[in-house]
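Okay, structure first, notes after.
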Amino acid sequence: MSFDTLGLRADILRAVSELGYTQPTPIQQQAIPAVLKGGDLLAGAQTGTGKTAGFTLPILQRLMDNPRTTTGKPVIRVLVLTPTRELAAQVEESIAQYGKYLPLKSMVMFGGVGINPQIDKLRRGVDILVSTPGRLLDHVSQRTVDLSKVEILVLDEADRMLDMGFIRDIRKILALLPKQRQNLLFSATFSNEIKALADGLLNKPALIEVARRNATADTVAQKVYPVDRERKRELLAKLITDHNWYQVLVFTRTKHGANRLAEQLDKQGIPSMAIHGNKSQGARTKALSEFKSGKLQVLVATDIAARGIDINELPHVVNFELPNVAEDYVHRIGRTGRAGCDGEAVSLVCVDELKLLAGIERLIKRSLPKEIVPGFEVDPRIKPEPIQNGRNGPGGRGGQRQGQRQGQRRDGAVRVSADGGGNRRSSGNGNGNSNGQLRRTPA
C-alpha cells in the first residue's frame with residue numbers, strides 16, 4: 001500500500017513524498033481512513049509507529065475539504081494536547097512539514113518560555129494549535145485564546161497525560177470546547193483509566209490497536225545486568241567504554257539522580273548531560289541538540305523529560321534504575337528499535353529492584369536474559385532496601401497522584417513537577433526542542 005491510495009490531496013502527498021516517505025505504517029493505514037470519515041477514534045500504538053502522521057495527515061485533509069466560510073483571520077479549528085514540550089514541538093513541526101503547501105497556520109505553545117510572543121501569534125490567527133495543558137490554561141485564564149470554534153480535538157499520549165496528573169486540566173479544557181466535534185485519543189497503553197476517559201469523551205469510536213498491549217518491539221534486544229546498587233555507575237561506565245557506545249539514553253528515577261550521574265560520567269571522560277523538568281528551556285534544547293547530532297555521548301533523563309525524544313536510529317537505552325511502574329519500562333525502551341532499526345536496551349538491576357523486575361517480566365510476558373559482568377558479581381550479603389524516591393515514591397501510582405493533587409495549581413501559574421521529587425516549577429509540561437533528524441517512519 002502507498003500513501004496515494006489513502007485519499008489524500010496531491011499537495012499533502014507532495015509534502016510526504018519530499019520527506020522521503022512512500023509507504024504508510026500499519027497505524028497510518030488504519031487511522032488515516034478512520035479520521036477522514038469524521039468519527040471519533042481510540043488508537044493504541046507503541047512509540048515509533050508513526051502515529052503523529054496517522055492523525056496529522058487526515059486532519060489537514062479534512063480542514064481543506066471543509067474550509068471556513070468566514071473571512072478575516074483564521075480561528076482555531078484543531079486542538080492537539082500533548083503531555084510535554086518536546087512532544088508538542090515535534091507534533092507541530094510535523095504539521096508544518098506535511099502542510100507546507102497548504103494555506104493553514106499552526107503554532108505550538110508550552111511553558112518555560114515567554115507568553116507574549118504566543119499571545120501575538122494567537123491574535124494573528126491560527127488554524128491548528130498544539131499545546132501542553134498547563135500553558136493552554138494560562139492563556140485561558142488571560143482570555144488570550146478562543147476555543148469556541150474547535151472542530152477536532154486530539155489527545156496525544158493520553159496515558160502519559162494521566163500519569164502526569166493532567167486529568168483535571170483536561171476536564172477544564174473539554175468544558176471550553178464545542179460539544180459537536182471530532183475526538184481522537186491516542187495512547188500507548190489501554191489502562192482502566194484510559195478506558196474511563198475514552199468512555200466519557202468518545203462517541204462510538206473506531207478502535208485501532210496495532211501492537212499487542214504493553215508489547216515491546218522485536219527489534220529491541222533486552223538484557224539485565226545484576227549489580228550491587230553502589231557499583232551501578234562503575235558498571236555503566238565500563239559498558240559504555242568497553243563497547244564504545246554512543247548516543248546512550250540513560251534513565252534514572254529522579255532529577256537529582258540524573259544530575260549526579262551525568263556529572264560523574266562527565267568527570268570520567270564520558271561526555272554527558274542531564275535533562276529533566278528543572279532544567280531551563282535553553283539547557284534542554286542544547287542537551288537534546290547535541291545528543292541528536294552525536295556530539296553528546298550520554299543523555300541522562302527522567303521518564304517525563306524523555307517523553308517525546310525522537311532520534312533517528314537511537315542505538316542504546318539503559319535503565320540505570322528500573323521504573324516504579326512496569327508500563328514505563330515499555331515506554332523507555334520504545335525510544336530505541338524504531339522504524340525497523342535494531343536497538344539495545346539494558347537494565348542495571350540491584351537487589352532493591354528484583355520485585356520491580358518481576359513486575360516488568362509479567363507485563364511483557366517474557367523473562368529477560370541476565371548477564372553478570374566479571375568483577376561485578378552480586379554480593380549476596382547485601383539486603384534489599386526500600387525505594388523511597390522516584391516517580392511514584394513508596395506509595396506507587398496513587399501516592400504520586402495524591403502528591404500532584406496536593407500541589408495542583410489553582411491560578412494557572414504553578415504546577416507540580418511530575419518527574420520525581422514534588423518540586424514546583426512553572427506551568428510548562430516537559431521538554432523543549434523539535435528539530436531532530438529525519439526518521440524513516442513519519443512522526
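Letters A, B, ... mark the chains of the C-alpha cells in the order given; residue numbers begin at 1 per chain; ligand numbers begin at 1, in order shown.
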
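Look at Ala88 in chain A: the protein and nucleic acid residues within 9 Å of it, using only C-alpha atoms and passing over chain neighbours fewer than 2 places away, are Val80, Leu81, Thr82, Pro83, Thr84, Arg85, Glu86, Gln90, Val91, Glu92, Glu93, Val108, Met109, Phe110, Val130, Ser131, Thr132, Gly308, Asn431, Gly432 and Ser434 of chain A.
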
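Nearest-residue note for Leu176 in chain A: choosing from A:Asp146, A:Asp138, A:Glu193, A:Asp163, the minimum distance belongs to A:Asp146, counting only C-alpha atoms.
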
Any chance you could list, as a ChimeraX atom specification, the residues in range 100-337 of chain A that come up strand (DSSP E) when DSSP is run on the backbone?
/A:106-109,128-131,152-155,182-187,206-209,220-226,248-251,272-275,298-301,316-319

Determine which residues of range 52-276 of chain A DSSP labels as helix (DSSP H, G or I) from the backbone of this structure, then write them out as a ChimeraX atom specification.
/A:52-65,85-98,116-124,133-141,158-163,167-174,192-201,229-242,255-267

Report the distance between CA of Ile270 in chain A and CA of Trp245 in chain A in Å, rounded to one decimal place.
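CA of Trp245 in chain A lies 10.2 Å from CA of Ile270 in chain A.
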
What's the 7 Å shell around Val145 in chain A, counting only C-alpha atoms, without same-chain residues fewer than 4 positions away, as a PyMOL selection string?
chain A and resi 122+139-140

Could you write out the selected residues, including C-alpha atoms, as an mmCIF file, in the first residue's frame?
data_model
loop_
_atom_site.group_PDB
_atom_site.id
_atom_site.type_symbol
_atom_site.label_atom_id
_atom_site.label_comp_id
_atom_site.auth_asym_id
_atom_site.auth_seq_id
_atom_site.Cartn_x
_atom_site.Cartn_y
_atom_site.Cartn_z
ATOM 1 C CA LEU A 122 -2.765 33.845 18.546
ATOM 2 C CA HIS A 139 -3.917 31.543 28.085
ATOM 3 C CA VAL A 140 -7.469 30.653 29.040
#

Quote the spacing between CA of Ser106 in chain A and CA of Leu42 in chain A in Å to one decimal place.
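If I compute the distance from CA of Ser106 in chain A to CA of Leu42 in chain A, I get 23.8 Å.
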
Nearby residues (only C-alpha atoms) at most 10 Å from Val351 in chain A, same-chain spacing under 2 positions excluded, as a ChimeraX atom specification:
/A:226-229,349,353-355,378-380,382-385

Would you put the residues from that selection into a file with C-alpha atoms, as a PDB file, in the first residue's frame?
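Once everything was written out, this is part.pdb:
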ATOM      1  CA  PRO A 226      22.643  -7.806  38.022  1.00  0.00           C
ATOM      2  CA  VAL A 227      24.858  -5.471  40.056  1.00  0.00           C
ATOM      3  CA  ASP A 228      25.167  -4.074  43.581  1.00  0.00           C
ATOM      4  CA  ARG A 229      23.482  -0.700  44.000  1.00  0.00           C
ATOM      5  CA  VAL A 349      19.320  -4.203  38.472  1.00  0.00           C
ATOM      6  CA  GLU A 353      14.689  -3.788  42.296  1.00  0.00           C
ATOM      7  CA  LEU A 354      14.059  -7.515  41.972  1.00  0.00           C
ATOM      8  CA  LYS A 355      10.329  -7.104  42.606  1.00  0.00           C
ATOM      9  CA  VAL A 378      26.461  -9.515  43.231  1.00  0.00           C
ATOM     10  CA  ASP A 379      27.287  -9.606  46.945  1.00  0.00           C
ATOM     11  CA  PRO A 380      24.673 -11.950  48.492  1.00  0.00           C
ATOM     12  CA  ILE A 382      23.557  -7.053  50.748  1.00  0.00           C
ATOM     13  CA  LYS A 383      19.922  -6.824  51.815  1.00  0.00           C
ATOM     14  CA  PRO A 384      17.231  -5.023  49.823  1.00  0.00           C
ATOM     15  CA  GLU A 385      16.296  -1.510  50.878  1.00  0.00           C
TER      16      GLU A 385
END

What lies within 10 Å of Gln97 in chain A using only C-alpha atoms, ignoring chain neighbours under 2 positions off, as a list in words?
Ile12, Ala15, Val16, Glu18, Leu19, Val91, Glu92, Glu93, Ser94, Ile95, Gly99, Lys100 and Tyr101 of chain A

Output the selection as a CSV table (one decimal), in the first residue's frame - all heavy atoms for each residue.
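Saved result, again.csv, follows:
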chain,number,residue,atom,x,y,z
A,12,ILE,N,-0.7,17.5,-0.2
A,12,ILE,CA,-0.2,16.7,1.0
A,12,ILE,C,0.7,15.6,0.6
A,12,ILE,O,1.7,15.4,1.2
A,12,ILE,CB,-1.4,16.2,1.8
A,12,ILE,CG1,-2.3,17.4,2.3
A,12,ILE,CG2,-1.0,15.3,3.0
A,12,ILE,CD1,-3.5,16.9,3.1
A,15,ALA,N,4.2,16.8,-0.1
A,15,ALA,CA,5.0,17.1,1.0
A,15,ALA,C,5.5,15.8,1.7
A,15,ALA,O,6.7,15.7,2.1
A,15,ALA,CB,4.2,17.9,2.1
A,16,VAL,N,4.6,14.8,1.7
A,16,VAL,CA,5.0,13.5,2.3
A,16,VAL,C,6.1,12.9,1.4
A,16,VAL,O,7.1,12.3,2.0
A,16,VAL,CB,3.8,12.5,2.3
A,16,VAL,CG1,4.2,11.1,2.7
A,16,VAL,CG2,2.8,13.0,3.3
A,18,GLU,N,8.3,14.4,-0.5
A,18,GLU,CA,9.5,15.2,-0.4
A,18,GLU,C,10.3,14.8,0.9
A,18,GLU,O,11.5,15.0,1.0
A,18,GLU,CB,9.2,16.7,-0.4
A,18,GLU,CG,8.9,17.1,-1.8
A,18,GLU,CD,8.6,18.6,-1.9
A,18,GLU,OE1,8.6,19.3,-0.8
A,18,GLU,OE2,8.3,19.1,-3.0
A,19,LEU,N,9.6,14.3,1.9
A,19,LEU,CA,10.2,13.9,3.2
A,19,LEU,C,10.7,12.5,3.1
A,19,LEU,O,11.3,12.0,4.1
A,19,LEU,CB,9.2,14.0,4.3
A,19,LEU,CG,8.8,15.4,4.7
A,19,LEU,CD1,7.6,15.4,5.7
A,19,LEU,CD2,9.9,16.2,5.4
A,91,VAL,N,5.2,17.5,17.3
A,91,VAL,CA,3.9,17.4,16.5
A,91,VAL,C,3.7,18.6,15.7
A,91,VAL,O,3.3,18.4,14.5
A,91,VAL,CB,2.7,17.2,17.5
A,91,VAL,CG1,1.4,17.3,16.8
A,91,VAL,CG2,2.8,15.8,18.2
A,92,GLU,N,3.9,19.8,16.2
A,92,GLU,CA,3.7,21.0,15.4
A,92,GLU,C,4.7,21.0,14.2
A,92,GLU,O,4.3,21.5,13.1
A,92,GLU,CB,3.8,22.2,16.3
A,92,GLU,CG,3.2,23.5,15.6
A,92,GLU,CD,4.1,24.2,14.7
A,92,GLU,OE1,5.4,24.1,14.8
A,92,GLU,OE2,3.6,24.9,13.7
A,93,GLU,N,5.9,20.6,14.4
A,93,GLU,CA,6.9,20.5,13.3
A,93,GLU,C,6.4,19.6,12.2
A,93,GLU,O,6.5,19.9,11.0
A,93,GLU,CB,8.2,20.0,13.8
A,93,GLU,CG,9.3,20.0,12.7
A,93,GLU,CD,10.6,19.4,13.2
A,93,GLU,OE1,10.6,18.6,14.2
A,93,GLU,OE2,11.6,19.7,12.6
A,94,SER,N,5.8,18.5,12.6
A,94,SER,CA,5.2,17.5,11.6
A,94,SER,C,4.1,18.2,10.8
A,94,SER,O,4.0,18.0,9.6
A,94,SER,CB,4.7,16.3,12.3
A,94,SER,OG,5.8,15.5,12.9
A,95,ILE,N,3.2,18.9,11.6
A,95,ILE,CA,2.1,19.6,10.9
A,95,ILE,C,2.6,20.6,9.9
A,95,ILE,O,2.1,20.7,8.8
A,95,ILE,CB,1.2,20.3,12.0
A,95,ILE,CG1,0.5,19.2,12.8
A,95,ILE,CG2,0.2,21.2,11.3
A,95,ILE,CD1,-0.2,19.8,14.0
A,99,GLY,N,2.0,20.1,6.0
A,99,GLY,CA,1.1,21.1,5.4
A,99,GLY,C,1.8,22.3,4.8
A,99,GLY,O,1.2,23.4,4.6
A,100,LYS,N,3.1,22.1,4.3
A,100,LYS,CA,3.9,23.2,3.8
A,100,LYS,C,3.2,23.8,2.5
A,100,LYS,O,3.5,25.0,2.2
A,100,LYS,CB,5.3,22.7,3.5
A,100,LYS,CG,5.4,21.6,2.4
A,100,LYS,CD,6.9,21.2,2.2
A,100,LYS,CE,7.7,22.3,1.7
A,100,LYS,NZ,9.1,21.8,1.4
A,101,TYR,N,2.4,23.0,1.8
A,101,TYR,CA,1.8,23.6,0.6
A,101,TYR,C,0.4,24.0,0.8
A,101,TYR,O,-0.4,24.2,-0.2
A,101,TYR,CB,1.9,22.5,-0.6
A,101,TYR,CG,3.4,22.2,-0.9
A,101,TYR,CD1,3.9,21.0,-0.7
A,101,TYR,CD2,4.2,23.2,-1.5
A,101,TYR,CE1,5.3,20.7,-1.0
A,101,TYR,CE2,5.5,23.0,-1.8
A,101,TYR,CZ,6.0,21.7,-1.6
A,101,TYR,OH,7.3,21.5,-1.9

Of the candidates A:Arg231, A:His316, A:Lys37, A:Arg9, which shows the shortest atom-to-atom distance to Asn244 in chain A, using only C-alpha atoms?
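Closest candidate: A:His316.
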
Would you list the contacts of Leu104 in chain A as a VMD selection string, taking every protein, DNA or RNA residue within 9 Å and counting only C-alpha atoms, but skipping same-chain residues closer than 3 positions in sequence?
chain A and resid 60 63 to 64 74 96 99 to 101 126 to 128

Taking 2 positions as the minimum chain separation for residues in the same chain, which residues sit within 12 Å of Ala258 in chain A when counting only C-alpha atoms? Answer as a VMD selection string.
chain A and resid 233 249 to 256 260 to 265 272 to 279 298 to 303 305 to 306 319 to 321 390 419 to 420

Selection from above, C-alpha atoms, as an mmCIF file, in the first residue's frame, can you write it?
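Wrote result-v5.cif, looks like this:
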data_model
loop_
_atom_site.group_PDB
_atom_site.id
_atom_site.type_symbol
_atom_site.label_atom_id
_atom_site.label_comp_id
_atom_site.auth_asym_id
_atom_site.auth_seq_id
_atom_site.Cartn_x
_atom_site.Cartn_y
_atom_site.Cartn_z
ATOM 1 C CA ARG A 233 27.790 3.845 37.937
ATOM 2 C CA LEU A 249 19.915 7.383 26.633
ATOM 3 C CA VAL A 250 20.094 6.583 30.359
ATOM 4 C CA PHE A 251 17.061 6.639 32.671
ATOM 5 C CA THR A 252 17.032 7.497 36.354
ATOM 6 C CA ARG A 253 14.058 7.836 38.687
ATOM 7 C CA THR A 254 14.787 11.325 39.969
ATOM 8 C CA LYS A 255 16.072 14.671 38.761
ATOM 9 C CA HIS A 256 18.752 14.712 41.451
ATOM 10 C CA ARG A 260 24.569 13.358 39.810
ATOM 11 C CA LEU A 261 25.051 10.547 37.289
ATOM 12 C CA ALA A 262 25.671 12.919 34.383
ATOM 13 C CA GLU A 263 28.258 14.852 36.395
ATOM 14 C CA GLN A 264 30.037 11.654 37.463
ATOM 15 C CA LEU A 265 30.172 10.225 33.949
ATOM 16 C CA SER A 272 27.150 13.502 29.470
ATOM 17 C CA MET A 273 24.316 15.884 30.270
ATOM 18 C CA ALA A 274 21.053 15.549 32.220
ATOM 19 C CA ILE A 275 17.579 16.532 31.088
ATOM 20 C CA HIS A 276 14.589 16.922 33.397
ATOM 21 C CA GLY A 277 11.809 19.285 34.423
ATOM 22 C CA ASN A 278 14.019 21.588 36.487
ATOM 23 C CA LYS A 279 16.346 22.333 33.592
ATOM 24 C CA VAL A 298 25.221 10.137 27.029
ATOM 25 C CA LEU A 299 21.918 11.823 27.868
ATOM 26 C CA VAL A 300 20.614 11.075 31.366
ATOM 27 C CA ALA A 301 16.871 11.617 31.691
ATOM 28 C CA THR A 302 13.856 11.120 33.896
ATOM 29 C CA ASP A 303 10.784 9.401 32.469
ATOM 30 C CA ALA A 305 11.686 14.519 30.376
ATOM 31 C CA ALA A 306 12.440 11.750 27.882
ATOM 32 C CA ASN A 319 17.746 1.663 32.721
ATOM 33 C CA PHE A 320 20.189 2.836 35.364
ATOM 34 C CA GLU A 321 17.252 2.424 37.734
ATOM 35 C CA GLY A 390 11.185 8.127 42.152
ATOM 36 C CA ASP A 419 9.368 13.672 37.179
ATOM 37 C CA GLY A 420 10.082 12.929 40.800
#

From A:His243, A:Lys51, A:Arg362, A:Lys149, residue lying nearest Arg181 in chain A [only C-alpha atoms]:
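The closest residue to Arg181 in chain A is A:Lys149.
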
Determine the nearest neighbour of Ser367 in chain A from the options A:Gly50, A:Gln222, A:Asn183, A:Val325, counting only C-alpha atoms.
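Looking at the shortest contact to Ser367 in chain A, the residue is A:Gln222.
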